[in-house]
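Written out below as structure tokens is the structure these notes cover.
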Amino acid sequence: MSEPATTPATTPGRRERRKQEIHDRLLDAARALFDVKGFESTTVDEICERADVAQKTFFNHFPTKHHVVREIADGFLDELNALVEEACERPGSTADRLAHLFRRAGEDILLAGPRHKELLIEVVRVAQADGSAETARRLHATFGPLLEDGAAARDLTSEHDVAFLTEMVAGVFTAILLNWRSLEDYPVQDHLAEAARFLGRAISRR
């Protein structure tokens with residue numbers, strides 16, 4: 001019996017694949033340049049030159065340079081989601097897993113270097129300009145599984161529901177990142193570790 005023919009609905013056409021390949025090339029070029037030069041010092045022309053595309057092609061994919069940052073912000077949330085999944089797979093209490101998550105996040109932030117800080121500043125600025133509603137929802141959803149697992153294991157406080165506890169964890173994490181991007185020599189790793197201890201006590205069943 002012959003195999004059924006693959007329909008266009010399940011397989012991207014040549015034009016769509018080419019469009020996605022160019023889009024990814026522009027994103028990769030932008031990330032590389034932002035890491036080296038920072039967001040403000042990188043021009044659209046430089047991104048186009050590195051990606052080997054015409055400027056018109058750039059604007060077919062991104063209305064402005066800030067729209068590139070919005071996609072990079074999505075990538076940041078994807079990375080954070082991966083750290084949450086890693087923490088959920090570890091043994092121990094929800095407080096232990098939260099401490100691991102915040103420690104790993106602090107390590108990744110410092111490994112990324114000073115240009116990552118500048119990019120994060122721009123990510124937050126763009127999110128605030130957009131009202132940040134969608135970013136806030138995604139951030140809340142990212143931390144959700146950690147608290148939901150804790151509720152299922154019955155090691156969370158019964159004084160508050162899971163949605164509220166998730167909001168508090170996401171809020172503290174975001175506040176520390178905002179302080180780090182705004183304050184000179186801010187000890188982000190130390191504050192993440194201390195915040196994890198504080199939150200661990202607050203969310204744990206007494």
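In the structure tokens, each chain is lettered A, B, ... as it comes, each chain's residues begin at 1, and ligands are numbered from 1 in order of appearance.
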Legend entry - Which of segment 3-193 of chain A fall in helix (DSSP H, G or I), as number ranges by chain: A: 14-37, 44-51, 55-61, 65-88, 94-112, 114-129, 133-152, 162-182, 188-193
Legend entry - Selection: 8 Å around Gly106 of chain A, only C-alpha atoms, excl. self and same-chain fewer than 5 positions, as an NGL selection string: :A and (188-189 or 192)
For the selection just defined, write its residues with N, CA and C atoms to a file, as an mmCIF file, in the first residue's frame.
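Dumped to part30.cif:
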data_model
loop_
_atom_site.group_PDB
_atom_site.id
_atom_site.type_symbol
_atom_site.label_atom_id
_atom_site.label_comp_id
_atom_site.auth_asym_id
_atom_site.auth_seq_id
_atom_site.Cartn_x
_atom_site.Cartn_y
_atom_site.Cartn_z
ATOM 1 N N VAL A 188 23.302 40.462 42.178
ATOM 2 C CA VAL A 188 22.110 39.759 41.730
ATOM 3 C C VAL A 188 22.078 38.314 42.216
ATOM 4 N N GLN A 189 23.214 37.626 42.209
ATOM 5 C CA GLN A 189 23.219 36.237 42.662
ATOM 6 C C GLN A 189 22.893 36.128 44.152
ATOM 7 N N LEU A 192 19.194 36.849 44.629
ATOM 8 C CA LEU A 192 18.359 35.735 44.185
ATOM 9 C C LEU A 192 18.375 34.604 45.208
#
Inset, instruction - Please identify all polymer residues within 9 Å of Ile176 of chain A, counting only C-alpha atoms, omitting same-chain residues fewer than 4 positions from it, and present them as a list in words. - result: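 Residues meeting the cut-off are Gly171, Val172, Trp180, Arg181, Val188, His191, Leu192 and Ala195 of chain A.
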N, CA and C atoms of the current selection, written as a PDB file, in the first residue's frame:
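For reference, out_27.pdb as written:
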ATOM      1  N   GLY A 171       6.786  37.751  40.814  1.00  0.00           N
ATOM      2  CA  GLY A 171       6.986  39.166  41.128  1.00  0.00           C
ATOM      3  C   GLY A 171       8.325  39.444  41.776  1.00  0.00           C
ATOM      4  N   VAL A 172       8.724  38.583  42.717  1.00  0.00           N
ATOM      5  CA  VAL A 172      10.021  38.762  43.380  1.00  0.00           C
ATOM      6  C   VAL A 172      11.158  38.568  42.378  1.00  0.00           C
ATOM      7  N   TRP A 180      18.653  44.758  39.301  1.00  0.00           N
ATOM      8  CA  TRP A 180      19.952  44.459  38.702  1.00  0.00           C
ATOM      9  C   TRP A 180      20.213  45.317  37.483  1.00  0.00           C
ATOM     10  N   ARG A 181      19.176  45.540  36.684  1.00  0.00           N
ATOM     11  CA  ARG A 181      19.380  46.337  35.477  1.00  0.00           C
ATOM     12  C   ARG A 181      19.492  47.830  35.793  1.00  0.00           C
ATOM     13  N   VAL A 188      23.302  40.462  42.178  1.00  0.00           N
ATOM     14  CA  VAL A 188      22.110  39.759  41.730  1.00  0.00           C
ATOM     15  C   VAL A 188      22.078  38.314  42.216  1.00  0.00           C
ATOM     16  N   HIS A 191      21.199  38.228  45.955  1.00  0.00           N
ATOM     17  CA  HIS A 191      19.804  38.594  46.208  1.00  0.00           C
ATOM     18  C   HIS A 191      18.841  37.520  45.714  1.00  0.00           C
ATOM     19  N   LEU A 192      19.194  36.849  44.629  1.00  0.00           N
ATOM     20  CA  LEU A 192      18.359  35.735  44.185  1.00  0.00           C
ATOM     21  C   LEU A 192      18.375  34.604  45.208  1.00  0.00           C
ATOM     22  N   ALA A 195      16.358  35.759  48.191  1.00  0.00           N
ATOM     23  CA  ALA A 195      14.942  35.762  47.837  1.00  0.00           C
ATOM     24  C   ALA A 195      14.378  34.343  47.829  1.00  0.00           C
TER      25      ALA A 195
END
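Counting only C-alpha atoms, the residue from A:Arg25, A:Arg50, A:His140, A:Arg97 that sits nearest to Glu167 of chain A is A:His140.
Atom to atom, atom CA of Ala152 of chain A and atom CA of His100 of chain A stand 19.3 Å apart.
Closest approach to His23 of chain A among A:Arg205, A:His61, A:Lys56, A:His67: A:His61, based on only C-alpha atoms.
Counting only C-alpha atoms and comparing A:Ser93, A:Thr142, A:Thr57, A:Ser158, the residue that lies closest to Leu26 of chain A is A:Thr57.
Summary of the local environment: counting only C-alpha atoms, residues at most 8 Å from Leu27 of chain A, other than itself and those fewer than 4 positions away along its chain, are A:His23, A:Arg31, A:Val68, A:Ile72.
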Legend entry - Option closest in space to Ala99 of chain A, from A:Asp78, A:Lys65, A:Arg137, A:Leu83 [counting only C-alpha atoms]: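 Closest to Ala99 of chain A of all the choices is A:Leu83.
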Inset, instruction - Determine, counting only C-alpha atoms, which protein, DNA and RNA residues have an atom within 12 Å of an atom of Ile22 of chain A; residues of the same chain fewer than 2 positions away are not included. Present the result as a VMD selection string. - result: chain A and resid 15 to 20 24 to 29 47 to 48 50 to 54 57 to 62
Could the residues in this selection be saved with C-alpha atoms as a PDB file, in the first residue's frame?
ATOM      1  CA  ARG A  15       8.912  29.982   0.077  1.00  0.00           C
ATOM      2  CA  GLU A  16       7.879  29.592   3.728  1.00  0.00           C
ATOM      3  CA  ARG A  17      11.067  27.689   4.566  1.00  0.00           C
ATOM      4  CA  ARG A  18      13.157  30.363   2.897  1.00  0.00           C
ATOM      5  CA  LYS A  19      11.311  33.104   4.764  1.00  0.00           C
ATOM      6  CA  GLN A  20      11.867  31.358   8.118  1.00  0.00           C
ATOM      7  CA  ASP A  24      16.290  33.159  11.925  1.00  0.00           C
ATOM      8  CA  ARG A  25      19.433  34.517  10.273  1.00  0.00           C
ATOM      9  CA  LEU A  26      18.422  38.070  11.158  1.00  0.00           C
ATOM     10  CA  LEU A  27      17.723  37.075  14.756  1.00  0.00           C
ATOM     11  CA  ASP A  28      21.068  35.268  15.066  1.00  0.00           C
ATOM     12  CA  ALA A  29      22.901  38.247  13.591  1.00  0.00           C
ATOM     13  CA  ILE A  47      22.424  43.412  11.337  1.00  0.00           C
ATOM     14  CA  CYS A  48      21.640  43.215   7.624  1.00  0.00           C
ATOM     15  CA  ARG A  50      25.990  40.243   9.146  1.00  0.00           C
ATOM     16  CA  ALA A  51      22.904  38.319   8.008  1.00  0.00           C
ATOM     17  CA  ASP A  52      23.733  39.041   4.355  1.00  0.00           C
ATOM     18  CA  VAL A  53      20.328  40.472   3.503  1.00  0.00           C
ATOM     19  CA  ALA A  54      19.074  43.791   2.149  1.00  0.00           C
ATOM     20  CA  THR A  57      14.290  42.429   3.768  1.00  0.00           C
ATOM     21  CA  PHE A  58      14.892  43.312   7.421  1.00  0.00           C
ATOM     22  CA  PHE A  59      11.829  45.554   7.491  1.00  0.00           C
ATOM     23  CA  ASN A  60       9.760  42.841   5.843  1.00  0.00           C
ATOM     24  CA  HIS A  61      10.423  40.768   8.973  1.00  0.00           C
ATOM     25  CA  PHE A  62      10.717  43.388  11.723  1.00  0.00           C
TER      26      PHE A  62
END
Legend entry - Nearest candidate to Leu110 of chain A (options A:Arg70, A:Arg201, A:Lys37, A:Leu177; using only C-alpha atoms): A:Leu177
